[in-house]
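Structure below is work-v5.txt: compact mmCIF, C-alpha atoms.
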```
# COMPACT_ATOMS: atom_id res chain seq x y z
CA MET N 1 40.78 65.64 -21.43
CA LYS N 2 44.54 65.55 -21.55
CA LYS N 3 46.78 64.96 -18.58
CA SER N 4 50.55 64.79 -18.92
CA SER N 5 53.15 62.82 -17.00
CA LEU N 6 50.86 60.17 -15.57
CA GLY N 7 52.25 56.86 -14.36
CA TYR N 8 50.44 53.58 -14.84
CA SER N 9 48.59 53.63 -11.51
CA ASP N 10 47.55 57.28 -11.97
CA THR N 11 46.33 56.50 -15.48
CA VAL N 12 44.04 53.73 -14.25
CA SER N 13 42.74 55.95 -11.45
CA TYR N 14 42.05 58.78 -13.90
CA ALA N 15 40.27 56.43 -16.32
CA MET N 16 37.94 55.33 -13.54
CA GLU N 17 37.38 58.96 -12.56
CA VAL N 18 36.25 60.04 -16.05
CA GLY N 19 34.48 56.78 -16.87
CA PRO N 20 30.70 56.43 -17.35
CA LEU N 21 30.00 54.43 -14.19
CA SER N 22 29.37 56.44 -11.03
CA ALA N 23 30.38 53.46 -8.88
CA LEU N 24 33.85 53.55 -10.45
CA GLN N 25 34.08 57.33 -10.24
CA LYS N 26 33.51 57.23 -6.48
CA ARG N 27 36.22 54.61 -6.09
CA ALA N 28 38.76 55.99 -8.55
CA SER N 29 41.50 55.84 -5.93
CA TRP N 30 41.05 52.06 -5.85
CA GLY N 31 42.52 51.89 -9.35
CA ARG N 32 45.80 53.30 -8.06
CA TYR N 33 45.92 50.81 -5.21
CA ILE N 34 45.10 47.86 -7.48
CA VAL N 35 47.84 48.73 -9.96
CA ASP N 36 50.37 49.39 -7.22
CA PHE N 37 49.50 46.04 -5.63
CA PHE N 38 50.06 44.10 -8.84
CA LEU N 39 53.20 46.09 -9.66
CA VAL N 40 54.64 45.15 -6.27
CA ILE N 41 53.68 41.49 -6.76
CA THR N 42 55.12 41.45 -10.28
CA GLN N 43 58.43 43.10 -9.45
CA LEU N 44 59.00 41.10 -6.28
CA GLY N 45 58.09 38.02 -8.32
CA PHE N 46 60.81 38.96 -10.80
CA CYS N 47 63.22 39.23 -7.88
CA SER N 48 62.21 35.75 -6.64
CA VAL N 49 62.87 34.36 -10.11
CA TYR N 50 66.30 35.96 -10.04
CA VAL N 51 67.09 34.32 -6.69
CA VAL N 52 66.23 30.89 -8.12
CA PHE N 53 68.24 31.65 -11.27
CA LEU N 54 71.31 32.70 -9.29
CA ALA N 55 71.14 29.65 -7.04
CA GLU N 56 70.70 27.15 -9.88
CA ASN N 57 73.51 28.53 -12.02
CA VAL N 58 76.02 28.98 -9.20
CA LYS N 59 75.14 25.50 -7.93
CA GLN N 60 75.99 24.05 -11.34
CA VAL N 61 79.27 25.95 -11.52
CA HIS N 62 80.24 24.88 -8.00
CA GLU N 63 79.35 21.24 -8.56
CA GLY N 64 81.09 21.25 -11.94
CA PHE N 65 84.23 22.59 -10.27
CA LEU N 66 84.07 19.85 -7.60
CA GLU N 67 83.53 17.14 -10.21
CA ASN N 68 86.45 18.30 -12.32
CA LYS N 69 88.63 18.50 -9.21
CA THR N 70 87.82 14.99 -7.99
CA SER N 71 87.49 13.18 -11.32
CA PRO N 72 91.23 12.39 -11.72
CA ILE N 73 91.17 10.74 -8.30
CA ASN N 74 88.05 8.68 -8.64
CA VAL N 75 86.29 8.63 -11.97
CA SER N 76 83.55 6.34 -10.66
CA VAL N 77 82.35 9.04 -8.31
CA THR N 78 81.21 11.28 -11.16
CA SER N 79 79.98 8.47 -13.35
CA SER N 80 76.96 7.74 -11.19
CA PRO N 81 74.53 10.64 -10.71
CA SER N 82 73.07 8.98 -7.63
CA GLU N 83 76.48 9.09 -5.92
CA LYS N 84 77.16 12.77 -6.58
CA ARG N 85 77.50 15.02 -3.59
CA SER N 86 74.94 17.76 -4.05
CA THR N 87 74.17 20.71 -1.79
CA ASP N 88 70.51 21.64 -1.50
CA LEU N 89 69.56 24.47 -3.86
CA ARG N 90 68.00 26.40 -0.96
CA ILE N 91 71.41 26.67 0.73
CA TYR N 92 72.72 28.60 -2.26
CA MET N 93 69.69 30.91 -2.08
CA LEU N 94 70.39 31.66 1.57
CA CYS N 95 74.05 32.33 0.76
CA PHE N 96 72.98 35.04 -1.69
CA LEU N 97 70.60 36.67 0.81
CA PRO N 98 73.09 38.92 2.69
CA PHE N 99 74.66 40.10 -0.58
CA LEU N 100 71.26 40.98 -2.03
CA ILE N 101 70.37 42.90 1.13
CA LEU N 102 73.59 44.90 0.88
CA LEU N 103 72.88 45.54 -2.81
CA VAL N 104 69.42 47.02 -2.19
CA PHE N 105 70.80 49.27 0.53
CA ILE N 106 72.12 51.34 -2.40
CA ARG N 107 69.12 53.64 -2.68
CA ASP N 108 70.20 55.72 -5.69
CA LEU N 109 70.08 53.84 -8.98
CA LYS N 110 72.61 56.27 -10.48
CA SER N 111 75.19 54.69 -8.19
CA LEU N 112 74.58 51.40 -10.01
CA SER N 113 74.91 52.82 -13.52
CA MET N 114 78.41 51.48 -14.11
CA LEU N 115 77.53 48.07 -12.65
CA SER N 116 74.39 48.01 -14.80
CA LEU N 117 76.46 48.73 -17.91
CA LEU N 118 78.87 45.91 -17.04
CA ALA N 119 75.92 43.61 -16.36
CA ASN N 120 74.38 44.28 -19.76
CA LEU N 121 77.72 43.76 -21.48
CA SER N 122 78.29 40.47 -19.66
CA MET N 123 74.85 39.20 -20.63
CA ALA N 124 75.34 40.27 -24.24
CA VAL N 125 78.63 38.36 -24.42
CA SER N 126 76.93 35.38 -22.79
CA LEU N 127 74.14 35.41 -25.38
CA VAL N 128 76.67 35.27 -28.22
CA ILE N 129 78.39 32.25 -26.64
CA ILE N 130 75.04 30.53 -25.98
CA TYR N 131 73.93 31.04 -29.60
CA GLN N 132 77.15 29.57 -30.98
CA TYR N 133 76.72 26.52 -28.77
CA ILE N 134 73.06 25.74 -29.44
CA VAL N 135 73.28 26.06 -33.24
CA ARG N 136 75.49 22.98 -33.23
CA ASP N 137 73.95 19.52 -33.48
CA ILE N 138 70.37 20.71 -33.87
CA ILE N 139 68.10 17.67 -33.97
CA ASP N 140 65.57 16.92 -36.69
CA PRO N 141 62.37 18.85 -35.83
CA ARG N 142 60.30 15.90 -37.07
CA LYS N 143 61.49 13.91 -34.07
CA LEU N 144 59.92 16.39 -31.67
CA PRO N 145 56.27 16.13 -30.55
CA PRO N 146 54.05 18.41 -32.69
CA VAL N 147 51.67 19.35 -29.83
CA VAL N 148 51.37 18.97 -26.06
CA GLY N 149 48.53 18.44 -23.61
CA TRP N 150 46.13 21.29 -22.82
CA LYS N 151 47.57 21.81 -19.32
CA LYS N 152 50.84 22.95 -20.80
CA TYR N 153 49.34 25.95 -22.61
CA PRO N 154 48.40 27.86 -19.42
CA LEU N 155 51.99 27.37 -18.23
CA PHE N 156 53.24 28.64 -21.58
CA PHE N 157 50.88 31.62 -21.31
CA GLY N 158 52.21 32.63 -17.91
CA THR N 159 55.80 32.22 -19.06
CA ALA N 160 55.32 34.25 -22.25
CA ILE N 161 53.50 37.08 -20.46
CA PHE N 162 56.24 37.13 -17.82
CA ALA N 163 58.88 37.45 -20.53
CA PHE N 164 57.27 40.41 -22.30
CA GLU N 165 55.61 42.23 -19.40
CA GLY N 166 57.13 45.61 -18.72
CA ILE N 167 54.12 47.88 -18.89
CA GLY N 168 54.93 49.50 -15.58
CA VAL N 169 57.81 51.42 -17.16
CA VAL N 170 56.19 52.25 -20.51
CA LEU N 171 54.45 55.47 -19.42
CA PRO N 172 57.35 56.74 -17.26
CA LEU N 173 59.69 56.24 -20.22
CA GLU N 174 57.37 58.15 -22.54
CA ASN N 175 56.96 60.96 -20.00
CA ARG N 176 60.73 61.40 -19.75
CA MET N 177 61.41 61.48 -23.50
CA LYS N 178 62.37 64.83 -24.99
CA ASP N 179 60.21 64.14 -28.05
CA THR N 180 57.28 61.97 -26.94
CA THR N 181 55.96 61.65 -30.50
CA ARG N 182 58.85 59.31 -31.29
CA PHE N 183 58.11 57.01 -28.39
CA PRO N 184 55.96 54.51 -30.38
CA GLN N 185 58.82 54.11 -32.86
CA ALA N 186 61.36 53.58 -30.08
CA LEU N 187 59.04 51.12 -28.33
CA ASN N 188 58.40 49.13 -31.51
CA ILE N 189 62.10 48.90 -32.34
CA GLY N 190 63.01 47.86 -28.79
CA MET N 191 60.27 45.25 -28.56
CA GLY N 192 61.13 43.97 -32.04
CA ILE N 193 64.71 43.31 -30.96
CA VAL N 194 63.58 41.68 -27.71
CA MET N 195 60.99 39.51 -29.51
CA THR N 196 63.58 38.38 -32.04
CA LEU N 197 65.94 37.36 -29.25
CA TYR N 198 63.20 35.55 -27.32
CA ILE N 199 61.79 33.60 -30.24
CA SER N 200 65.13 32.69 -31.82
CA LEU N 201 66.82 31.60 -28.59
CA ALA N 202 63.78 29.68 -27.38
CA THR N 203 63.27 27.91 -30.72
CA LEU N 204 66.93 27.07 -31.27
CA GLY N 205 67.29 25.99 -27.65
CA TYR N 206 64.40 23.53 -27.95
CA LEU N 207 65.65 22.24 -31.29
CA ARG N 208 69.09 21.71 -29.74
CA PHE N 209 68.12 20.04 -26.45
CA GLY N 210 64.64 18.65 -27.09
CA ASP N 211 63.16 16.95 -24.03
CA GLU N 212 66.24 17.84 -21.99
CA ILE N 213 65.64 21.60 -22.14
CA LYS N 214 65.65 23.18 -18.69
CA GLY N 215 63.97 26.20 -17.15
CA SER N 216 67.02 28.32 -18.04
CA ILE N 217 69.02 27.49 -21.12
CA THR N 218 72.25 28.24 -19.25
CA LEU N 219 71.58 25.10 -17.19
CA ASN N 220 71.91 23.02 -20.36
CA LEU N 221 75.45 24.21 -21.01
CA PRO N 222 78.26 21.71 -20.28
CA GLN N 223 79.64 21.61 -16.75
CA ASP N 224 83.08 20.35 -17.79
CA ILE N 225 84.04 23.22 -20.11
CA TRP N 226 85.02 26.45 -18.39
CA LEU N 227 83.95 28.66 -21.29
CA TYR N 228 80.35 27.66 -20.68
CA GLN N 229 80.77 27.71 -16.92
CA SER N 230 81.97 31.29 -17.28
CA VAL N 231 78.77 32.08 -19.20
CA LYS N 232 76.76 31.03 -16.16
CA LEU N 233 78.89 33.26 -13.95
CA LEU N 234 78.61 36.22 -16.34
CA TYR N 235 74.87 35.84 -16.59
CA SER N 236 74.58 35.43 -12.85
CA PHE N 237 76.48 38.68 -12.36
CA GLY N 238 74.09 40.41 -14.76
CA ILE N 239 71.02 39.02 -13.01
CA PHE N 240 72.47 39.92 -9.59
CA VAL N 241 72.81 43.59 -10.59
CA THR N 242 69.42 43.55 -12.33
CA TYR N 243 67.83 42.39 -9.07
CA SER N 244 68.28 45.88 -7.61
CA ILE N 245 66.67 47.48 -10.67
CA GLN N 246 63.60 45.25 -10.50
CA TYR N 247 63.51 45.85 -6.74
CA TYR N 248 63.40 49.62 -7.21
CA VAL N 249 59.69 49.76 -8.21
CA PRO N 250 58.20 48.00 -5.14
CA ALA N 251 60.62 49.87 -2.90
CA GLU N 252 59.44 53.21 -4.29
CA ILE N 253 55.80 52.21 -3.70
CA LEU N 254 56.05 50.65 -0.25
CA ILE N 255 58.86 52.43 1.58
CA PRO N 256 57.42 55.99 1.53
CA ALA N 257 54.11 54.65 2.86
CA VAL N 258 55.93 53.04 5.81
CA THR N 259 58.51 55.73 6.61
CA SER N 260 55.85 58.46 6.61
CA LYS N 261 54.36 56.89 9.73
CA VAL N 262 57.52 57.09 11.85
CA GLU N 263 59.49 59.97 13.32
CA GLN N 264 62.19 61.66 11.25
CA LYS N 265 65.08 60.24 13.30
CA TRP N 266 63.86 56.67 12.73
CA GLN N 267 63.09 56.96 9.02
CA LEU N 268 66.48 55.81 7.70
CA LEU N 269 66.58 52.79 10.01
CA THR N 270 62.98 51.95 9.11
CA GLU N 271 63.72 52.20 5.40
CA LEU N 272 66.71 49.85 5.66
CA ALA N 273 64.64 47.40 7.71
CA VAL N 274 61.84 47.42 5.12
CA ARG N 275 64.35 46.93 2.30
CA ALA N 276 65.85 43.95 4.10
CA LEU N 277 62.42 42.43 4.81
CA LEU N 278 61.36 42.75 1.16
CA VAL N 279 64.53 40.96 0.04
CA CYS N 280 63.87 38.24 2.62
CA SER N 281 60.33 37.85 1.25
CA THR N 282 61.64 37.28 -2.29
CA CYS N 283 64.13 34.74 -0.97
CA ALA N 284 61.37 33.03 1.04
CA VAL N 285 59.24 32.61 -2.09
CA ALA N 286 62.24 31.17 -3.94
CA VAL N 287 62.91 28.75 -1.09
CA LEU N 288 59.27 27.63 -1.00
CA ILE N 289 59.08 27.22 -4.81
CA PRO N 290 62.63 26.37 -5.91
CA ARG N 291 61.65 25.74 -9.54
CA LEU N 292 62.51 28.47 -11.99
CA ASP N 293 59.87 27.52 -14.56
CA LEU N 294 57.00 27.44 -12.06
CA VAL N 295 57.87 30.73 -10.39
CA ILE N 296 58.06 32.38 -13.82
CA SER N 297 54.72 30.95 -14.92
CA PHE N 298 52.98 31.79 -11.64
CA VAL N 299 54.12 35.43 -11.60
CA GLY N 300 53.21 35.80 -15.26
CA ALA N 301 49.74 34.30 -14.88
CA VAL N 302 48.77 36.15 -11.69
CA SER N 303 50.13 39.67 -11.99
CA SER N 304 51.68 40.20 -15.40
CA SER N 305 48.47 39.18 -17.20
CA THR N 306 46.50 41.68 -15.10
CA LEU N 307 48.86 44.55 -15.82
CA ALA N 308 49.53 43.77 -19.48
CA LEU N 309 46.26 42.31 -20.80
CA ILE N 310 43.30 42.98 -18.51
CA LEU N 311 43.68 46.60 -17.34
CA PRO N 312 44.96 48.41 -20.51
CA PRO N 313 41.96 47.62 -22.77
CA LEU N 314 39.54 48.47 -19.97
CA VAL N 315 41.35 51.79 -19.45
CA GLU N 316 40.96 52.60 -23.15
CA ILE N 317 37.21 51.95 -23.05
CA LEU N 318 36.71 54.01 -19.88
CA THR N 319 38.83 56.91 -21.10
CA PHE N 320 37.53 57.27 -24.65
CA TYR N 321 33.94 56.10 -24.36
CA LYS N 322 32.67 59.65 -25.09
CA GLU N 323 34.62 59.81 -28.35
CA ASN N 324 32.42 57.30 -30.17
CA LEU N 325 34.71 54.30 -30.09
CA SER N 326 34.20 52.02 -33.07
CA LEU N 327 32.67 48.59 -32.56
CA TRP N 328 35.96 47.09 -33.73
CA THR N 329 37.90 48.92 -31.00
CA ILE N 330 35.43 47.84 -28.32
CA PHE N 331 35.46 44.25 -29.56
CA LYS N 332 39.28 44.25 -29.69
CA ASP N 333 39.57 45.58 -26.14
CA ILE N 334 37.04 43.12 -24.73
CA PHE N 335 38.71 40.24 -26.58
CA ILE N 336 42.15 41.11 -25.15
CA ALA N 337 40.72 41.47 -21.64
CA VAL N 338 38.94 38.10 -21.90
CA ILE N 339 42.18 36.43 -23.01
CA GLY N 340 43.86 37.98 -19.99
CA VAL N 341 41.16 36.75 -17.59
CA VAL N 342 41.19 33.22 -19.05
CA GLY N 343 44.99 33.13 -18.91
CA PHE N 344 44.93 34.45 -15.35
CA LEU N 345 42.50 31.76 -14.16
CA THR N 346 43.85 28.77 -16.06
CA GLY N 347 47.51 29.73 -15.63
CA THR N 348 47.12 30.24 -11.89
CA TYR N 349 45.19 26.98 -11.46
CA VAL N 350 47.61 24.81 -13.42
CA THR N 351 50.70 26.39 -11.84
CA VAL N 352 49.38 26.06 -8.29
CA GLU N 353 48.44 22.44 -9.01
CA GLU N 354 51.96 21.77 -10.26
CA ILE N 355 53.44 23.43 -7.18
CA ILE N 356 51.26 21.42 -4.77
CA TYR N 357 51.49 18.13 -6.69
CA PRO N 358 54.86 18.32 -8.47
CA ALA N 359 54.82 14.63 -9.39
CA SER N 360 51.39 14.79 -11.01
CA THR N 361 52.65 16.26 -14.28
CA VAL N 362 55.92 16.85 -16.07
CA LEU N 363 56.45 20.41 -17.18
CA ALA N 364 55.92 20.86 -20.89
CA ASN N 365 58.79 21.06 -23.29
CA ALA N 366 57.14 23.99 -24.99
CA THR N 367 56.87 25.90 -21.74
CA GLU N 368 60.47 25.28 -20.79
CA SER N 369 61.73 26.20 -24.23
CA ILE N 370 60.19 29.64 -23.87
CA SER N 371 61.19 30.05 -20.23
CA ALA N 372 64.69 29.05 -21.24
CA ASP N 373 64.98 32.44 -22.84
CA VAL N 374 63.50 34.44 -19.97
CA ASN N 375 66.91 34.77 -18.35
CA SER N 376 67.64 37.34 -21.06
CA THR N 377 65.10 39.63 -19.36
CA GLY N 378 68.10 41.49 -17.94
CA VAL N 379 68.81 42.69 -21.48
CA VAL N 380 65.31 44.19 -21.60
CA VAL N 381 66.11 46.08 -18.41
CA GLY N 382 69.08 47.55 -20.20
CA LEU N 383 66.72 48.82 -22.90
CA GLN N 384 64.32 50.13 -20.32
```

Could you spell out this file's structure in structure tokens?
Amino acid sequence: MKKSSLGYSDTVSYAMEVGPLSALQKRASWGRYIVDFFLVITQLGFCSVYVVFLAENVKQVHEGFLENKTSPINVSVTSSPSEKRSTDLRIYMLCFLPFLILLVFIRDLKSLSMLSLLANLSMAVSLVIIYQYIVRDIIDPRKLPPVVGWKKYPLFFGTAIFAFEGIGVVLPLENRMKDTTRFPQALNIGMGIVMTLYISLATLGYLRFGDEIKGSITLNLPQDIWLYQSVKLLYSFGIFVTYSIQYYVPAEILIPAVTSKVEQKWQLLTELAVRALLVCSTCAVAVLIPRLDLVISFVGAVSSSTLALILPPLVEILTFYKENLSLWTIFKDIFIAVIGVVGFLTGTYVTVEEIIYPASTVLANATESISADVNSTGVVVGLQ
């Protein structure tokens, strides 16, 4: 019952094929389509988050430059936030659109290897500078609220799942390892490093900024000190390059299906058109929901929870049901899947409500403290 070199979608399809239910066996191909659908939604969602991140950080750098330039002339202009000249965030998103389209026209990821290396180095340097800033003037934890309202936990769930979700590349990585038996060790070490970064940066960031913590911790850095403005630019460069890497998965799924339906002479033009349209779709989502925290939570609740929590335990039950699974294993798998379903439903509901009625609630500090660290996802890509 062994099959080698299966991707995630093929694994789900195979589990349905060998499962005990004839209804699933007849529709095994559906498993591949379901996984591919959620992979596309997840990865394009990541790209939408990156568009918002780029716009917010570059907007801060630009406005900080204008404030520092005009402050010697008229100090009163910068003293009143209501009098500040501010360009709409969506304008910055649209300014990035042509550059992102040109970036994804690079079809071979090997061509981006040097840029990817520079991006990871820039984000690593940025993390060091961010850590040294937030460890200063940490407030007394007793002054912070011990708990938050129940509506904040679904938002936190979506954000946390978004931060850790990367299951789509787990099996391909294992399949390409020379010694696959060492993959669990490599995975545990990598995730241990990532988890340490996430928890430490999120916790320290919330202890440093309290109620003022923003969706990305880079947005809390001072706008009048160029060291911290450079951090935003470095991180933005890293995220810009990482966009093409996250974009690669949906492109590999969708483009062959489209180009196979056109004549050979039109395939290249069709591929470039599809690439451009997919980038425009990510930018459109960012324009419609220009809040980093909500886009992160929504993508995490809808698609990341399905891929990371709901499908894997069900696949284990379907695949190994003939091997006398213990009651503990079955209970564990069902429990994880139920958590995923509950998080999917509650996280989607609360996030959509916040998107439709943004004034109805204020986003939780706990949620934003975790999402503050999500911009280090680019470092995870370097590990992947």

Practice prompt. Have a look at N:Leu278, N:Ile239, N:Leu272, N:Ile34 and name the one nearest to Leu311 in chain N; count only C-alpha atoms.
Written response: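 Closest to Leu311 in chain N of all the choices is N:Ile34.
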
Go through range 242-340 of chain N residue by residue and, counting all atoms listed in the file, keep those with an atom at most 10 Å from range 46-63 of chain N; for each kept residue give the shortest atom pair and its distance in Å to one decimal, ordered by chain and increasing number, as a tab-separated table.
```
residue	atom	partner	partner_atom	distance
N:Thr242	CA	N:Tyr50	CA	8.5
N:Tyr243	CA	N:Cys47	CA	5.7
N:Ser244	CA	N:Cys47	CA	8.4
N:Ile245	CA	N:Cys47	CA	9.4
N:Gln246	CA	N:Cys47	CA	6.6
N:Tyr247	CA	N:Cys47	CA	6.7
N:Leu278	CA	N:Cys47	CA	9.9
N:Val279	CA	N:Cys47	CA	8.2
N:Cys280	CA	N:Ser48	CA	9.7
N:Ser281	CA	N:Ser48	CA	8.4
N:Thr282	CA	N:Ser48	CA	4.6
N:Cys283	CA	N:Ser48	CA	6.1
N:Ala284	CA	N:Ser48	CA	8.2
N:Val285	CA	N:Ser48	CA	6.3
N:Ala286	CA	N:Ser48	CA	5.3
N:Val287	CA	N:Val52	CA	8.1
N:Ile289	CA	N:Val52	CA	8.7
N:Pro290	CA	N:Val52	CA	6.2
N:Arg291	CA	N:Val52	CA	7.0
N:Leu292	CA	N:Val52	CA	5.9
N:Asp293	CA	N:Val49	CA	8.7
N:Leu294	CA	N:Val49	CA	9.3
N:Val295	CA	N:Val49	CA	6.2
N:Ile296	CA	N:Val49	CA	6.4
N:Val299	CA	N:Phe46	CA	7.6
N:Gly300	CA	N:Phe46	CA	9.4
```

Worksheet item: What is the distance, in Å and to one decimal place, between CA of Leu197 in chain N and CA of Ala124 in chain N?
Response: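 These atoms are spaced 11.0 Å apart.
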
Practice prompt. Please indicate the distance in Å from CA of Met123 in chain N to CA of Gly238 in chain N, rounded to one decimal place.
Written response: 6.0 Å

Item to complete: Between CA of Gln185 in chain N and CA of Glu316 in chain N, measure the distance and give it in Å to one decimal.
Response: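 According to the coordinates, CA of Gln185 in chain N and CA of Glu316 in chain N are separated by 20.4 Å.
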
Practice prompt. Please tell me which residues are no farther than 10 Å from (49.0, 26.8, -21.8) in the file, counting all atoms listed in the file, and write them as a list in words.
Written response: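 Here is the list of nearby residues: Val148, Gly149, Trp150, Lys151, Lys152, Tyr153, Pro154, Leu155, Phe156, Phe157, Gly158, Thr159, Ala160, Ser297, Gly343, Thr346, Gly347, Val350, Ala364, Ala366 and Thr367 of chain N.
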
Worksheet item: Which is closer to Ala273 in chain N than all the others in N:Cys95, N:Ile129, N:Leu102, N:Leu39, using all atoms listed in the file?
Response: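 Distance minimum relative to Ala273 in chain N lands on N:Leu102.
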
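Taking all atoms listed in the file into account, Lys26 in chain N lies nearest to N:Ser13 out of the set N:Gln223, N:Ser304, N:Ser13, N:Asn188.
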
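Among the candidates N:Lys232, N:Arg90, N:Arg275, N:Arg27, the one nearest to Leu288 in chain N when counting only C-alpha atoms is N:Arg90.
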
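At a cut-off of 10 Å from (53.6, 46.8, -22.2), the residue set is Ile161, Phe164, Glu165, Gly166, Ile167, Gly168, Val169, Val170, Leu171, Leu187, Met191, Ser304, Leu307, Ala308, Leu309 and Pro312 of chain N (counting all atoms listed in the file).
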
List the neighbours of Ile255 in chain N out to 12 Å using all atoms listed in the file; skip same-chain residues closer than 4 positions along the sequence, and give me the result as a short mmCIF file (atom, residue, chain, number, x, y, z; two decimals) with C-alpha atoms, in the frame of the given file.
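File around.cif, as written:
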```cif
data_model
loop_
_atom_site.label_atom_id
_atom_site.label_comp_id
_atom_site.auth_asym_id
_atom_site.auth_seq_id
_atom_site.Cartn_x
_atom_site.Cartn_y
_atom_site.Cartn_z
CA VAL N 40 54.64 45.15 -6.27
CA ARG N 107 69.12 53.64 -2.68
CA TYR N 247 63.51 45.85 -6.74
CA TYR N 248 63.40 49.62 -7.21
CA VAL N 249 59.69 49.76 -8.21
CA PRO N 250 58.20 48.00 -5.14
CA ALA N 251 60.62 49.87 -2.90
CA THR N 259 58.51 55.73 6.61
CA SER N 260 55.85 58.46 6.61
CA LYS N 261 54.36 56.89 9.73
CA VAL N 262 57.52 57.09 11.85
CA GLN N 267 63.09 56.96 9.02
CA LEU N 268 66.48 55.81 7.70
CA LEU N 269 66.58 52.79 10.01
CA THR N 270 62.98 51.95 9.11
CA GLU N 271 63.72 52.20 5.40
CA LEU N 272 66.71 49.85 5.66
CA ALA N 273 64.64 47.40 7.71
CA VAL N 274 61.84 47.42 5.12
CA ARG N 275 64.35 46.93 2.30
CA ALA N 276 65.85 43.95 4.10
CA LEU N 277 62.42 42.43 4.81
CA LEU N 278 61.36 42.75 1.16
#
```

Item to complete: Find the spatial neighbours of Ala119 in chain N, counting only C-alpha atoms, within a cut-off of 7 Å - ignore same-chain residues fewer than 2 positions away - and output them as a VMD selection string.
Response: chain N and resid 115 to 117 121 to 123 237 to 238 241
